[in-house]
$ cat target-v1.pdb   # PDB, C-alpha atoms
ATOM      1  CA  MET A 257       2.069   5.885   3.268
ATOM      2  CA  ASN A 258       0.174   2.668   2.698
ATOM      3  CA  TYR A 259      -3.378   3.870   2.148
ATOM      4  CA  HIS A 260      -4.568   0.657   0.461
ATOM      5  CA  GLU A 261      -6.413  -0.553   3.559
ATOM      6  CA  ILE A 262      -7.911   2.883   4.241
ATOM      7  CA  ILE A 263      -9.167   3.995   0.824
ATOM      8  CA  THR A 264     -11.904   1.755  -0.542
ATOM      9  CA  ILE A 265     -13.805   1.780  -3.813
ATOM     10  CA  GLU A 266     -17.181   0.074  -3.942
ATOM     11  CA  PRO A 267     -19.372   0.342  -7.068
ATOM     12  CA  GLY A 268     -22.591   0.795  -5.068
ATOM     13  CA  LYS A 269     -21.252   3.371  -2.630
ATOM     14  CA  ARG A 270     -21.028   7.050  -3.611
ATOM     15  CA  SER A 271     -21.087   6.012  -7.289
ATOM     16  CA  GLY A 272     -17.798   4.147  -6.957
ATOM     17  CA  LYS A 273     -15.834   7.150  -5.717
ATOM     18  CA  PRO A 274     -12.854   6.436  -3.447
ATOM     19  CA  CYS A 275     -14.085   6.489   0.161
ATOM     20  CA  ILE A 276     -12.512   6.173   3.564
ATOM     21  CA  ARG A 277     -12.771   2.691   5.114
ATOM     22  CA  GLY A 278     -16.062   1.903   3.403
ATOM     23  CA  MET A 279     -17.788   4.950   4.878
ATOM     24  CA  ARG A 280     -19.650   7.476   2.753
ATOM     25  CA  ILE A 281     -16.932  10.094   3.260
ATOM     26  CA  THR A 282     -14.977  10.409   0.015
ATOM     27  CA  VAL A 283     -11.353  11.265  -0.582
ATOM     28  CA  TYR A 284     -12.652  14.240  -2.558
ATOM     29  CA  ASP A 285     -14.614  15.479   0.482
ATOM     30  CA  ILE A 286     -11.496  15.466   2.648
ATOM     31  CA  LEU A 287      -9.341  17.083  -0.036
ATOM     32  CA  GLU A 288     -11.964  19.826  -0.422
ATOM     33  CA  TYR A 289     -11.957  20.483   3.329
ATOM     34  CA  LEU A 290      -8.161  20.680   3.378
ATOM     35  CA  ALA A 291      -8.081  22.905   0.286
ATOM     36  CA  GLY A 292     -10.689  25.140   1.907
ATOM     37  CA  GLY A 293      -8.386  25.740   4.852
ATOM     38  CA  MET A 294      -9.678  23.276   7.425
ATOM     39  CA  THR A 295      -7.013  21.742   9.587
ATOM     40  CA  GLU A 296      -6.744  18.053  10.304
ATOM     41  CA  ALA A 297      -7.891  18.755  13.872
ATOM     42  CA  GLU A 298     -10.999  20.585  12.626
ATOM     43  CA  ILE A 299     -11.907  17.742  10.290
ATOM     44  CA  LEU A 300     -11.443  15.193  13.066
ATOM     45  CA  GLU A 301     -13.603  17.313  15.352
ATOM     46  CA  ASP A 302     -16.408  17.408  12.755
ATOM     47  CA  PHE A 303     -16.095  13.708  11.838
ATOM     48  CA  SER A 304     -15.369  11.745  14.996
ATOM     49  CA  GLU A 305     -15.360   8.450  13.053
ATOM     50  CA  LEU A 306     -12.211   9.499  11.164
ATOM     51  CA  THR A 307      -8.634   9.099  12.319
ATOM     52  CA  SER A 308      -5.502  11.084  11.606
ATOM     53  CA  GLU A 309      -4.339   8.246   9.343
ATOM     54  CA  ASP A 310      -7.573   8.514   7.344
ATOM     55  CA  ILE A 311      -6.903  12.195   6.682
ATOM     56  CA  LYS A 312      -3.263  11.580   5.703
ATOM     57  CA  ALA A 313      -4.301   8.777   3.344
ATOM     58  CA  CYS A 314      -6.325  11.144   1.148
ATOM     59  CA  PRO A 315      -3.479  13.320  -0.209
ATOM     60  CA  ALA A 316      -1.297  10.210  -0.545
ATOM     61  CA  PHE A 317      -3.994   8.499  -2.619
ATOM     62  CA  ALA A 318      -4.524  11.622  -4.739
ATOM     63  CA  GLY A 319      -0.789  11.966  -5.350
ATOM     64  CA  ASP A 320      -0.465   8.366  -6.501
ATOM     65  CA  ARG A 321      -3.523   8.717  -8.700
ATOM     66  CA  GLU A 322      -2.046  11.836 -10.311
ATOM     67  CA  LYS A 323       1.213   9.983 -10.907
ATOM     68  CA  GLN A 324      -0.696   7.153 -12.607
ATOM     69  CA  LEU A 325      -2.492   9.658 -14.826
ATOM     70  CA  ILE A 326       0.826  11.129 -15.950
ATOM     71  CA  ILE A 327       2.242   7.660 -16.680
ATOM     72  CA  GLN A 328      -0.878   6.691 -18.670
ATOM     73  CA  GLN A 329      -0.758   9.916 -20.678
ATOM     74  CA  SER A 330       2.904   9.302 -21.453
ATOM     75  CA  GLU A 331       2.164   5.752 -22.601
ATOM     76  CA  MET A 332      -0.708   6.969 -24.813
ATOM     77  CA  SER A 333       1.531   9.629 -26.318
ATOM     78  CA  ASP A 334       4.127   6.976 -27.141
ATOM     79  CA  LEU A 335       1.445   4.831 -28.813
ATOM     80  CA  TRP A 336       0.225   7.721 -30.974
ATOM     81  CA  GLN A 337       3.755   8.620 -32.015
ATOM     82  CA  ARG A 338       4.363   5.048 -33.234
ATOM     83  CA  LYS A 339       1.361   5.152 -35.595
TER      84      LYS A 339
END
$ encode --input "target-v1.pdb" --output "structure tokens"
Amino acid sequence: MNYHEIITIEPGKRSGKPCIRGMRITVYDILEYLAGGMTEAEILEDFSELTSEDIKACPAFAGDREKQLIIQQSEMSDLWQRK
């Protein structure tokens, strides 16, 4: 999924946390709702300004971010082993 146009990061909004389309709803908020058992339909009912694509973008963003963290940790480990 191409979430790059959906997930935005603005330094002055929600302390620079990743948000959905410049709104004040963060990726973390949506992930918490999903983890808490809310369905996509329930989230959309509570937040009429969101779309199904917005909801799907959050786990995709989180997955890519996790992958980047693993890559960075691997690169740091390689650097430390060379010293």
$ closest_residue --input "target-v1.pdb" --among "A:Met257, A:Leu290, A:Leu306, A:Ile299" --to "Gly278 in chain A" --atoms "all atoms listed in the file"
A:Leu306
$ residues_around --input "target-v1.pdb" --residues "range 279-285 of chain A" --least-positions-apart "5" --cutoff "7 Å" --atoms "only C-alpha atoms" --output "PyMOL selection string"
chain A and resi 269-270+273-274+314
$ resolve_selection --input "target-v1.pdb" --expression "the PyMOL selection byres ((chain A and resi 312) around 12)" --output "JSON, numbers by chain"
{"A": [257, 258, 259, 262, 263, 276, 283, 286, 287, 290, 295, 296, 297, 299, 300, 306, 307, 308, 309, 310, 311, 313, 314, 315, 316, 317, 318, 319]}
$ atom_distance --input "target-v1.pdb" --atom1 "CA of Lys323 in chain A" --atom2 "CA of Glu298 in chain A"
28.6 Å
$ closest_residue --input "target-v1.pdb" --among "A:Glu322, A:Phe303, A:Ile265, A:Tyr289" --to "Arg277 in chain A" --atoms "only C-alpha atoms"
A:Ile265
$ atom_distance --input "target-v1.pdb" --atom1 "CA of Asp320 in chain A" --atom2 "CA of Thr264 in chain A"
14.5 Å
